[in-house]
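Trainee: Next up, coords_8.txt (compact mmCIF, C-alpha atoms and all ligand atoms).
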```txt
# COMPACT_ATOMS: atom_id res chain seq x y z
CA MET A 1 4.84 38.16 49.40
CA VAL A 2 6.50 34.97 48.25
CA GLN A 3 4.44 32.98 45.73
CA THR A 4 3.92 29.29 46.50
CA ASP A 5 5.06 28.32 42.99
CA ALA A 6 8.26 30.39 43.40
CA PRO A 7 11.45 28.32 42.99
CA ARG A 8 12.54 26.61 46.21
CA VAL A 9 16.25 26.99 46.88
CA LEU A 10 18.39 25.22 49.45
CA ILE A 11 21.40 27.33 50.41
CA VAL A 12 24.27 25.33 51.90
CA ASP A 13 27.06 27.41 53.38
CA ASP A 14 29.31 26.93 56.38
CA ASP A 15 29.67 30.72 56.73
CA GLU A 16 26.53 32.26 58.19
CA GLN A 17 27.30 35.72 56.76
CA VAL A 18 27.59 34.40 53.21
CA ARG A 19 24.49 32.23 53.71
CA LEU A 20 22.45 35.27 54.63
CA LEU A 21 23.92 37.33 51.81
CA LEU A 22 23.03 34.70 49.23
CA ALA A 23 19.51 34.32 50.61
CA GLU A 24 18.91 38.04 50.73
CA GLY A 25 19.64 38.55 47.05
CA LEU A 26 17.55 35.56 45.96
CA ARG A 27 14.60 36.29 48.24
CA GLY A 28 14.51 39.83 46.89
CA HIS A 29 13.73 38.27 43.49
CA GLY A 30 10.97 35.90 44.53
CA TYR A 31 12.95 32.79 45.44
CA ARG A 32 11.92 30.78 48.53
CA CYS A 33 15.13 30.00 50.40
CA GLU A 34 16.08 27.63 53.21
CA LEU A 35 19.50 27.84 54.80
CA VAL A 36 21.67 25.08 56.24
CA GLY A 37 25.26 25.14 57.46
CA SER A 38 26.60 21.67 56.63
CA ALA A 39 26.47 18.89 54.04
CA ASP A 40 24.79 16.57 56.58
CA ALA A 41 22.03 19.07 57.29
CA ALA A 42 21.65 19.67 53.54
CA GLU A 43 21.20 15.94 52.88
CA ARG A 44 18.42 15.74 55.45
CA ARG A 45 16.63 18.75 53.94
CA LEU A 46 17.05 17.42 50.38
CA ALA A 47 15.40 14.17 51.38
CA ALA A 48 12.35 16.18 52.45
CA GLY A 49 12.16 17.82 48.95
CA PRO A 50 11.12 18.68 46.34
CA TRP A 51 13.68 21.40 45.57
CA ASP A 52 14.27 23.49 42.48
CA LEU A 53 17.87 24.54 43.11
CA VAL A 54 20.81 24.07 45.47
CA VAL A 55 23.37 26.82 46.01
CA CYS A 56 26.36 25.36 47.78
CA ASP A 57 29.45 26.91 49.31
CA LEU A 58 31.64 24.82 51.59
CA GLU A 59 34.58 27.16 51.85
CA ALA A 60 36.01 25.51 54.98
CA HIS A 61 35.83 22.03 53.42
CA PRO A 62 36.28 22.30 49.62
CA GLU A 63 36.78 18.50 49.38
CA SER A 64 33.47 17.77 51.08
CA GLY A 65 31.87 20.49 48.88
CA LEU A 66 32.81 18.55 45.74
CA SER A 67 31.75 15.22 47.20
CA PHE A 68 28.43 16.79 48.31
CA LEU A 69 27.98 18.03 44.73
CA ALA A 70 28.73 14.59 43.25
CA ASP A 71 26.46 12.89 45.75
CA THR A 72 23.56 15.27 45.16
CA ARG A 73 23.86 14.95 41.35
CA ARG A 74 23.83 11.19 41.68
CA ARG A 75 20.82 11.04 43.99
CA TYR A 76 18.86 13.90 42.37
CA PRO A 77 20.05 14.01 38.76
CA LYS A 78 17.40 16.56 37.75
CA LEU A 79 18.19 19.02 40.57
CA PRO A 80 20.58 21.79 39.48
CA VAL A 81 23.44 22.74 41.84
CA VAL A 82 25.29 26.07 41.66
CA MET A 83 28.65 26.09 43.43
CA VAL A 84 29.97 29.17 45.22
CA SER A 85 33.66 29.26 46.00
CA GLY A 86 36.51 31.42 47.13
CA VAL A 87 38.84 29.02 45.42
CA THR A 88 39.89 30.70 42.23
CA ASP A 89 41.97 27.89 40.84
CA VAL A 90 40.67 26.67 37.48
CA ALA A 91 41.10 22.98 38.32
CA THR A 92 38.52 23.07 41.13
CA ALA A 93 36.03 24.95 38.94
CA THR A 94 36.56 22.46 36.11
CA THR A 95 36.07 19.51 38.46
CA ALA A 96 32.86 21.06 39.78
CA LEU A 97 31.49 21.51 36.25
CA GLN A 98 32.54 17.97 35.30
CA LEU A 99 30.71 16.67 38.34
CA GLY A 100 27.59 18.34 36.97
CA ALA A 101 27.46 21.79 38.58
CA SER A 102 25.08 24.04 36.66
CA GLY A 103 27.08 27.18 37.54
CA TYR A 104 30.13 28.38 39.44
CA ILE A 105 30.30 31.65 41.31
CA THR A 106 33.57 32.95 42.75
CA LYS A 107 33.82 35.16 45.79
CA PRO A 108 33.59 38.03 46.27
CA PHE A 109 30.34 38.13 44.31
CA GLU A 110 27.72 40.74 43.50
CA GLU A 111 24.03 40.04 43.98
CA HIS A 112 23.42 39.95 40.24
CA HIS A 113 26.10 37.23 39.78
CA VAL A 114 24.07 34.97 42.05
CA LEU A 115 20.77 35.85 40.35
CA ILE A 116 22.13 35.21 36.84
CA ALA A 117 23.65 31.87 37.90
CA ALA A 118 20.39 30.80 39.63
CA ASP A 119 18.22 31.88 36.67
CA ASN A 120 20.49 30.10 34.19
CA ALA A 121 20.53 26.90 36.23
CA LEU A 122 16.73 26.87 36.54
CA HIS A 123 16.28 27.69 32.85
CA ARG A 124 18.58 24.85 31.86
CA ALA A 125 16.82 22.42 34.20
CA ARG A 126 13.47 23.44 32.71
CA LEU A 127 14.74 22.84 29.15
CA GLU A 128 16.13 19.46 30.15
CA ALA A 129 12.81 18.53 31.78
CA GLU A 130 10.92 19.60 28.64
CA ASN A 131 13.37 17.61 26.53
CA ASP A 132 12.87 14.57 28.77
CA SER A 133 9.11 14.74 28.61
CA TYR A 134 9.21 15.28 24.83
CA ARG A 135 11.44 12.23 24.47
CA ALA A 136 9.16 10.23 26.75
CA LEU A 137 6.19 11.33 24.63
CA LEU A 138 7.96 10.23 21.44
CA GLU A 139 8.89 6.91 22.99
CA GLN A 140 5.30 6.43 24.13
CA MET A 141 4.07 7.19 20.60
CA VAL A 142 6.56 4.75 19.09
CA ARG A 143 5.49 2.10 21.61
CA GLU A 144 1.80 2.65 20.82
CA ARG A 145 2.40 2.59 17.06
CA THR A 146 4.49 -0.57 17.40
CA VAL A 147 1.74 -2.29 19.36
CA ALA A 148 -0.85 -1.19 16.77
CA LEU A 149 1.37 -2.32 13.90
CA ARG A 150 2.02 -5.67 15.53
CA ALA A 151 -1.72 -6.16 16.03
CA THR A 152 -2.35 -5.33 12.35
CA VAL A 153 0.33 -7.76 11.21
CA GLU A 154 -1.13 -10.48 13.45
CA ARG A 155 -4.62 -9.80 12.05
CA LEU A 156 -3.31 -9.98 8.49
CA GLU A 157 -1.43 -13.20 9.19
CA GLU A 158 -4.55 -14.70 10.73
CA ARG A 159 -6.63 -13.66 7.73
CA GLU A 160 -4.02 -15.03 5.35
CA ALA A 161 -4.00 -18.35 7.20
CA GLN A 162 -7.80 -18.47 7.02
CA LEU A 163 -7.72 -17.73 3.29
CA ARG A 164 -5.08 -20.38 2.73
CA MET A 165 -7.13 -22.90 4.66
CA SER A 166 -10.28 -22.08 2.73
CA SER A 167 -8.41 -22.34 -0.63
CA GLU A 168 -7.01 -25.69 0.48
CA ASP A 169 -10.46 -26.89 1.54
CA THR A 170 -11.95 -25.81 -1.81
CA VAL A 171 -9.20 -27.60 -3.69
CA LYS A 172 -9.65 -30.77 -1.66
CA ALA A 173 -13.44 -30.70 -2.19
CA LEU A 174 -12.90 -30.36 -5.92
CA ALA A 175 -10.27 -33.11 -5.94
CA ARG A 176 -12.57 -35.41 -3.94
CA ALA A 177 -15.38 -34.84 -6.46
CA ILE A 178 -13.01 -35.97 -9.21
CA GLU A 179 -11.73 -38.85 -7.11
CA GLY A 180 -15.22 -40.34 -7.06
CA ARG A 181 -15.05 -40.49 -10.85
CA ASP A 182 -11.61 -41.95 -11.08
CA VAL A 183 -9.81 -45.25 -11.01
CA GLU A 184 -7.29 -43.61 -8.69
CA THR A 185 -8.47 -44.26 -5.19
CA GLY A 186 -8.16 -43.31 -1.59
CA LEU A 187 -5.44 -41.00 -0.53
CA HIS A 188 -3.57 -40.94 -3.84
CA ILE A 189 -3.92 -37.17 -4.20
CA GLU A 190 -2.76 -36.58 -0.62
CA ARG A 191 0.36 -38.71 -1.12
CA MET A 192 1.08 -37.48 -4.61
CA SER A 193 0.87 -33.82 -3.60
CA ARG A 194 3.13 -34.41 -0.61
CA TYR A 195 5.75 -36.22 -2.71
CA THR A 196 5.57 -33.31 -5.16
CA ALA A 197 6.20 -30.75 -2.41
CA LEU A 198 9.00 -32.88 -0.91
CA LEU A 199 10.83 -33.32 -4.22
CA ALA A 200 10.35 -29.63 -5.10
CA GLY A 201 12.00 -28.70 -1.79
CA TYR A 202 15.05 -30.82 -2.60
CA TYR A 203 15.07 -29.39 -6.12
CA GLY A 204 15.44 -25.90 -4.60
CA PHE A 205 11.93 -24.50 -4.32
CA SER A 206 11.30 -22.17 -1.36
CA GLU A 207 9.22 -23.41 1.55
CA ALA A 208 6.32 -21.16 0.49
CA ASP A 209 6.43 -22.45 -3.11
CA CYS A 210 6.51 -26.07 -1.89
CA GLU A 211 3.43 -25.37 0.21
CA LEU A 212 1.69 -23.84 -2.81
CA LEU A 213 2.62 -26.94 -4.85
CA ARG A 214 1.27 -29.23 -2.14
CA ILE A 215 -2.08 -27.43 -2.29
CA ALA A 216 -2.17 -27.16 -6.11
CA ALA A 217 -1.06 -30.70 -7.04
CA PRO A 218 -4.32 -32.46 -5.95
CA MET A 219 -6.02 -30.82 -8.92
CA HIS A 220 -3.83 -32.55 -11.50
CA ASP A 221 -6.65 -34.78 -12.76
CA VAL A 222 -9.48 -32.25 -12.50
CA GLY A 223 -9.98 -32.55 -16.29
CA LYS A 224 -11.21 -36.13 -15.86
CA ILE A 225 -14.55 -34.57 -14.95
CA GLY A 226 -15.02 -34.16 -18.71
CA VAL A 227 -14.29 -37.80 -19.56
CA PRO A 228 -17.47 -39.95 -19.96
CA ASP A 229 -17.97 -42.69 -17.31
CA GLY A 230 -18.14 -45.34 -20.03
CA ILE A 231 -14.52 -44.64 -20.89
CA LEU A 232 -13.19 -43.73 -17.46
CA PHE A 233 -14.54 -46.88 -15.80
CA LYS A 234 -14.19 -49.30 -18.73
CA PRO A 235 -12.79 -52.53 -17.24
CA GLY A 236 -11.00 -53.84 -20.35
CA ALA A 237 -8.52 -52.32 -22.75
CA LEU A 238 -9.34 -48.97 -24.34
CA SER A 239 -9.68 -48.44 -28.05
CA VAL A 240 -7.41 -45.83 -29.65
CA ALA A 241 -10.37 -43.46 -29.91
CA GLU A 242 -11.25 -43.98 -26.24
CA TYR A 243 -7.66 -43.41 -25.20
CA ASP A 244 -7.68 -40.20 -27.23
CA VAL A 245 -10.59 -39.01 -25.10
CA ILE A 246 -8.66 -39.83 -21.90
CA LYS A 247 -5.73 -37.88 -23.27
CA GLN A 248 -7.86 -34.75 -23.34
CA HIS A 249 -8.02 -34.54 -19.52
CA PRO A 250 -4.83 -32.46 -19.06
CA GLU A 251 -6.01 -29.76 -21.45
CA LEU A 252 -9.56 -29.90 -20.02
CA GLY A 253 -8.14 -29.49 -16.52
CA TYR A 254 -6.03 -26.59 -17.71
CA GLU A 255 -9.06 -24.86 -19.19
CA ILE A 256 -11.03 -25.29 -15.97
CA LEU A 257 -8.23 -23.91 -13.79
CA ALA A 258 -6.62 -21.29 -16.04
CA LYS A 259 -9.56 -18.89 -15.76
CA SER A 260 -8.03 -17.36 -12.63
CA GLU A 261 -4.91 -15.26 -12.13
CA GLN A 262 -4.49 -16.52 -8.55
CA PRO A 263 -1.00 -18.02 -8.20
CA LEU A 264 -2.44 -21.22 -6.70
CA LEU A 265 -4.75 -21.81 -9.65
CA VAL A 266 -2.15 -20.74 -12.24
CA LEU A 267 0.18 -23.35 -10.74
CA ALA A 268 -2.58 -25.98 -10.58
CA ALA A 269 -3.40 -25.27 -14.26
CA THR A 270 0.27 -25.78 -15.22
CA ILE A 271 0.44 -29.10 -13.36
CA ALA A 272 -2.87 -30.30 -14.79
CA ARG A 273 -1.73 -29.51 -18.32
CA THR A 274 1.78 -30.99 -18.14
CA HIS A 275 1.72 -33.96 -15.75
CA HIS A 276 1.47 -36.45 -18.65
CA GLU A 277 4.22 -34.91 -20.77
CA ARG A 278 7.34 -37.09 -21.06
CA TRP A 279 10.98 -36.03 -21.00
CA ASP A 280 11.53 -37.64 -24.45
CA GLY A 281 8.61 -35.74 -26.01
CA ASN A 282 6.33 -38.79 -26.34
CA GLY A 283 3.82 -37.66 -23.73
CA TYR A 284 0.54 -35.78 -24.11
CA PRO A 285 -1.26 -33.46 -24.73
CA HIS A 286 1.42 -31.33 -26.44
CA GLY A 287 4.41 -33.65 -26.83
CA LEU A 288 6.67 -31.18 -24.99
CA ALA A 289 10.21 -32.48 -24.34
CA GLY A 290 12.97 -31.85 -21.77
CA ASP A 291 13.19 -28.39 -20.26
CA ALA A 292 10.23 -27.23 -22.36
CA ILE A 293 8.05 -29.08 -19.81
CA PRO A 294 7.54 -26.77 -16.82
CA ILE A 295 9.51 -28.07 -13.81
CA GLU A 296 6.31 -28.30 -11.73
CA GLY A 297 4.86 -30.70 -14.33
CA ARG A 298 8.08 -32.77 -14.41
CA ILE A 299 8.07 -33.13 -10.62
CA ALA A 300 4.33 -33.93 -10.50
CA ALA A 301 4.79 -36.59 -13.21
CA VAL A 302 7.40 -38.45 -11.13
CA ALA A 303 5.25 -38.17 -7.96
CA ASP A 304 2.07 -39.23 -9.77
CA VAL A 305 3.52 -42.27 -11.52
CA PHE A 306 5.51 -43.39 -8.47
CA ASP A 307 2.30 -43.48 -6.42
CA ALA A 308 0.31 -45.18 -9.18
CA VAL A 309 2.93 -47.93 -9.50
CA ILE A 310 3.44 -48.61 -5.80
CA SER A 311 -0.32 -48.55 -5.04
CA ARG A 312 -2.99 -51.09 -5.90
CA ARG A 313 -5.28 -50.02 -8.75
CA CYS A 314 -8.37 -51.79 -10.09
CA TYR A 315 -6.32 -52.77 -13.14
CA LYS A 316 -3.10 -53.79 -11.31
CA PRO A 317 -1.77 -54.96 -7.94
CA ALA A 318 0.50 -52.85 -5.74
CA TYR A 319 4.13 -53.21 -6.87
CA SER A 320 6.94 -53.79 -4.39
CA LEU A 321 9.21 -50.86 -3.63
CA GLU A 322 12.03 -52.56 -5.51
CA ARG A 323 9.95 -53.07 -8.63
CA THR A 324 8.53 -49.55 -8.39
CA LEU A 325 12.00 -48.05 -8.18
CA GLN A 326 13.01 -50.16 -11.19
CA VAL A 327 10.13 -48.63 -13.17
CA MET A 328 11.17 -45.14 -12.10
CA THR A 329 14.86 -45.77 -12.84
CA ASP A 330 14.05 -47.20 -16.26
CA GLY A 331 12.04 -44.05 -16.97
CA ARG A 332 15.04 -41.72 -16.45
CA GLY A 333 15.56 -39.65 -19.58
CA THR A 334 12.55 -41.24 -21.32
CA SER A 335 9.41 -40.79 -19.24
CA PHE A 336 10.98 -38.61 -16.59
CA ASP A 337 13.47 -35.86 -15.94
CA GLY A 338 16.44 -37.93 -14.65
CA ALA A 339 17.32 -35.27 -12.06
CA ILE A 340 13.90 -35.62 -10.39
CA VAL A 341 14.16 -39.42 -10.33
CA GLU A 342 17.57 -39.02 -8.65
CA LEU A 343 15.95 -36.86 -5.96
CA LEU A 344 13.26 -39.52 -5.48
CA LEU A 345 15.91 -42.22 -5.03
CA ASP A 346 18.05 -40.04 -2.74
CA HIS A 347 15.10 -39.30 -0.44
CA ILE A 348 13.13 -42.51 -0.79
CA ASP A 349 12.92 -42.91 3.01
CA GLU A 350 11.00 -39.67 3.34
CA VAL A 351 8.83 -40.55 0.34
CA MET A 352 7.99 -43.93 1.90
CA ALA A 353 7.21 -42.24 5.22
CA ILE A 354 4.51 -40.24 3.41
CA GLN A 355 3.29 -43.40 1.69
CA GLU A 356 2.94 -45.14 5.04
CA GLN A 357 1.32 -42.13 6.67
CA TYR A 358 -1.52 -42.05 4.11
CA PRO A 359 -2.31 -45.69 3.28
CA ASP A 360 -5.19 -46.68 1.02
CA GLU A 361 -8.13 -48.38 2.69
CA ASP A 362 -8.81 -51.93 1.56
FE FE B 1 -3.69 -37.53 -15.15
FE FE B 2 -2.86 -38.93 -10.25
```
Render the structure in this file as structure tokens.
Mentor:
Amino acid sequence: MVQTDAPRVLIVDDDEQVRLLLAEGLRGHGYRCELVGSADAAERRLAAGPWDLVVCDLEAHPESGLSFLADTRRRYPKLPVVMVSGVTDVATATTALQLGASGYITKPFEEHHVLIAADNALHRARLEAENDSYRALLEQMVRERTVALRATVERLEEREAQLRMSSEDTVKALARAIEGRDVETGLHIERMSRYTALLAGYYGFSEADCELLRIAAPMHDVGKIGVPDGILFKPGALSVAEYDVIKQHPELGYEILAKSEQPLLVLAATIARTHHERWDGNGYPHGLAGDAIPIEGRIAAVADVFDAVISRRCYKPAYSLERTLQVMTDGRGTSFDGAIVELLLDHIDEVMAIQEQYPDED
């Protein structure tokens, strides 16, 4: 009895005797065979598949045998085809194999030749199918992992953005608390930190470092929290002793901020400590000069003073742009790092755009 899961073979042969001979051998070994006598009939039967194997012999029309082979391989790439032929020339056999025949039997053949060729063809097709499904499984796994990885990256980015926002909010809250105790008013810290980031970008800082600077710079005067109101808000001129107290705010700010190893706060501590140092060494609190002043402090100093000069303060009116730039230019090599002042002058349009975007309220 033929099993229903036995391989299903379509035998295509224009010679009825050979057709029957092929089928007899295969059926004797459990194959289910159907027999057709032409390529046209074979095509119709193939369309009503599925089939496990085609054994094809078109002795009378070798040309159409090869084109049937090519056609079948194209339409059913996973279906193995074994060619049977009386043609013994090597060229035809080679062409058949190149066109994708899984085996080639020459006549006259013995039953076992047919069985070996059929078994081999089926075995190879099974291996190829296993290979295909293994590859599909791997591809599926890679796709799933990629999706999972992408989701993780997105989650991390989201969390990082949230953290950055909360750090920025904390910094701004702290800066606002100081602002209430300061003669510097309104949006000074917003403008100053944006000039700082802008100039740092032109100096060569990466985008990420500029962003960190923009968030850290608002804390430059945090140390003023330790300066008594009587001194901070004194309307007239300060005594030397009072000015000495004011001059403690960079170091005080540094001490407040330097308790953390977080890059943002390390940077903020550096700016707080060095934004009143001068290029010529006559600044405070440490009298650092030239390159000994960290570049972040040198940039913040230019940004801070520029905004103080061009804005109205309780002790002075707002200076014109021309006069402000004169102050900055005069400070090259004395108050300021000349290279930073050059950057300010070169990009004054962008600096002024920030100034106009964040105007002080009256
Ligand atoms: Fe300051
Ligand atoms: Fe300031």
Trainee: Tell me which protein, DNA and RNA residues are within 9 Å of A:Ala217, counting all atoms listed in the file, leaving out same-chain ones fewer than 4 positions away, and put them as a ChimeraX atom specification.
Mentor: /A:189-190,192-194,196-197,212-213,221,267-268,271-272,300
Trainee: Using C-alpha atoms, can you export the residues from the last selection as a tab-separated table (two decimals), keeping the file's coordinate frame?
Mentor:
```tsv
chain	number	residue	atom	x	y	z
A	189	ILE	CA	-3.92	-37.17	-4.20
A	190	GLU	CA	-2.76	-36.58	-0.62
A	192	MET	CA	1.08	-37.48	-4.61
A	193	SER	CA	0.87	-33.82	-3.60
A	194	ARG	CA	3.13	-34.41	-0.61
A	196	THR	CA	5.57	-33.31	-5.16
A	197	ALA	CA	6.20	-30.75	-2.41
A	212	LEU	CA	1.69	-23.84	-2.81
A	213	LEU	CA	2.62	-26.94	-4.85
A	221	ASP	CA	-6.65	-34.78	-12.76
A	267	LEU	CA	0.18	-23.35	-10.74
A	268	ALA	CA	-2.58	-25.98	-10.58
A	271	ILE	CA	0.44	-29.10	-13.36
A	272	ALA	CA	-2.87	-30.30	-14.79
A	300	ALA	CA	4.33	-33.93	-10.50
```
Trainee: Can you work out which one of A:Ile116, A:Pro80, A:Leu321, A:His123 has the shortest atom-to-atom distance to A:Ser102, counting all atoms listed in the file?
Mentor: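 Checking each of A:Ile116, A:Pro80, A:Leu321, A:His123 against A:Ser102, counting all atoms listed in the file, the winner is A:Pro80.
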Trainee: Neighbours of ligand FE 2 (chain B) within 8 Å, counting only C-alpha atoms and all ligand atoms, as a PyMOL selection string?
Mentor: chain A and resi 184+188-189+192+218+220-221+304-305+307-308
Trainee: For the atom pair atom CA of A:Arg45 and atom CA of A:Val12, what is the interatomic distance in Å to one decimal place?
Mentor: 10.3 Å
Trainee: With 12 Å as the threshold, what does the neighbourhood of (8.4, -38.7, -19.1) contain in terms of residues, counting only C-alpha atoms? Coordinates are those of the file; answer as a PyMOL selection string.
Mentor: chain A and resi 274-284+287-291+293+295+297-306+327-341
Trainee: Suppose you want the space between atom CA of A:Glu24 and atom CA of A:Val9; what is it in Å?
Mentor: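 Atom-to-atom, atom CA of A:Glu24 and atom CA of A:Val9 are spaced 12.0 Å apart.
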Trainee: Which is closer to ligand FE 1 (chain B) than all the others in A:Glu160, A:Glu251, A:Glu242, A:Glu63, using all atoms listed in the file?
Mentor: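 Closest to ligand FE 1 (chain B) of all the choices is A:Glu251.
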Trainee: Considering only C-alpha atoms, state which residue in the set A:Thr270, A:Asn131, A:Gln98, A:Thr324 is at the smallest distance from A:Leu252.
Mentor: A:Thr270
Trainee: Which one is closest to A:Ser167: A:Arg214, A:Arg155, A:Arg44, A:His29? Count all atoms listed in the file.
Mentor: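 Selected residue with least distance to A:Ser167: A:Arg214.
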Trainee: To one decimal in Å, tell me the separation between atom CA of A:Lys172 and atom CA of A:Ala216.
Mentor: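 A separation of 9.4 Å between them.
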Trainee: For A:Asp57, work out the shell of residues within 8 Å, counting all atoms listed in the file and skipping chain neighbours fewer than 3 positions away, then give it as a short mmCIF file (atom, residue, chain, number, x, y, z; two decimals) with C-alpha atoms, in the coordinates of the input.
Mentor:
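Result saved to around_10.cif:
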```cif
data_model
loop_
_atom_site.label_atom_id
_atom_site.label_comp_id
_atom_site.auth_asym_id
_atom_site.auth_seq_id
_atom_site.Cartn_x
_atom_site.Cartn_y
_atom_site.Cartn_z
CA VAL A 12 24.27 25.33 51.90
CA ASP A 13 27.06 27.41 53.38
CA ASP A 14 29.31 26.93 56.38
CA GLY A 65 31.87 20.49 48.88
CA MET A 83 28.65 26.09 43.43
CA VAL A 84 29.97 29.17 45.22
CA SER A 85 33.66 29.26 46.00
#
```
Trainee: If you take every atom of stretch 32-51 of chain A that the file lists and fit an axis-aligned box around them with 8 Å extra on each side, what centre and edge lengths come out in Å to one decimal, as lines of an AutoDock Vina configuration file?
Mentor:
```
center_x = 18.9
center_y = 22.5
center_z = 51.5
size_x = 31.5
size_y = 32.6
size_z = 27.9
```
Trainee: From the set A:Tyr104, A:Tyr254, A:Tyr134, A:Tyr195, which residue has the shortest atom-to-atom contact distance to ligand FE 1 (chain B), counting all atoms listed in the file?
Mentor: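 Of A:Tyr104, A:Tyr254, A:Tyr134, A:Tyr195, the one nearest ligand FE 1 (chain B), counting all atoms listed in the file, is A:Tyr254.
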Trainee: Using all atoms listed in the file, which of A:Ala318, A:Val222, A:Leu325, A:Leu232 sits nearest ligand FE 1 (chain B)?
Mentor: A:Val222
Trainee: With a distance cut-off of 8 Å and all atoms listed in the file, select the neighbouring residues of stretch 229-231 of chain A, excluding the residue or stretch itself and same-chain residues fewer than 3 positions from it, and output the selection as an NGL selection string.
Mentor: :A and (181 or 234 or 238 or 242 or 246)
Trainee: Could you tell me, as an mmCIF file with C-alpha atoms, keeping the file's coordinate frame, which residues have any atom at most 12 Å from (15.6, 34.1, 52.2), counting all atoms listed in the file?
Mentor:
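For reference, point.cif as written:
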```cif
data_model
loop_
_atom_site.group_PDB
_atom_site.id
_atom_site.type_symbol
_atom_site.label_atom_id
_atom_site.label_comp_id
_atom_site.auth_asym_id
_atom_site.auth_seq_id
_atom_site.Cartn_x
_atom_site.Cartn_y
_atom_site.Cartn_z
ATOM 1 C CA MET A 1 4.840 38.160 49.400
ATOM 2 C CA VAL A 2 6.500 34.970 48.250
ATOM 3 C CA PRO A 7 11.450 28.320 42.990
ATOM 4 C CA ARG A 8 12.540 26.610 46.210
ATOM 5 C CA VAL A 9 16.250 26.990 46.880
ATOM 6 C CA LEU A 10 18.390 25.220 49.450
ATOM 7 C CA ILE A 11 21.400 27.330 50.410
ATOM 8 C CA ARG A 19 24.490 32.230 53.710
ATOM 9 C CA LEU A 20 22.450 35.270 54.630
ATOM 10 C CA LEU A 21 23.920 37.330 51.810
ATOM 11 C CA LEU A 22 23.030 34.700 49.230
ATOM 12 C CA ALA A 23 19.510 34.320 50.610
ATOM 13 C CA GLU A 24 18.910 38.040 50.730
ATOM 14 C CA GLY A 25 19.640 38.550 47.050
ATOM 15 C CA LEU A 26 17.550 35.560 45.960
ATOM 16 C CA ARG A 27 14.600 36.290 48.240
ATOM 17 C CA GLY A 28 14.510 39.830 46.890
ATOM 18 C CA HIS A 29 13.730 38.270 43.490
ATOM 19 C CA GLY A 30 10.970 35.900 44.530
ATOM 20 C CA TYR A 31 12.950 32.790 45.440
ATOM 21 C CA ARG A 32 11.920 30.780 48.530
ATOM 22 C CA CYS A 33 15.130 30.000 50.400
ATOM 23 C CA GLU A 34 16.080 27.630 53.210
ATOM 24 C CA LEU A 35 19.500 27.840 54.800
ATOM 25 C CA VAL A 36 21.670 25.080 56.240
#
```
Trainee: Counting all atoms listed in the file, what is within 9 Å of A:Gln248, bar same-chain residues fewer than 4 positions away, as a PyMOL selection string?
Mentor: chain A and resi 223-224+226-227+243-244+252-253+284-285
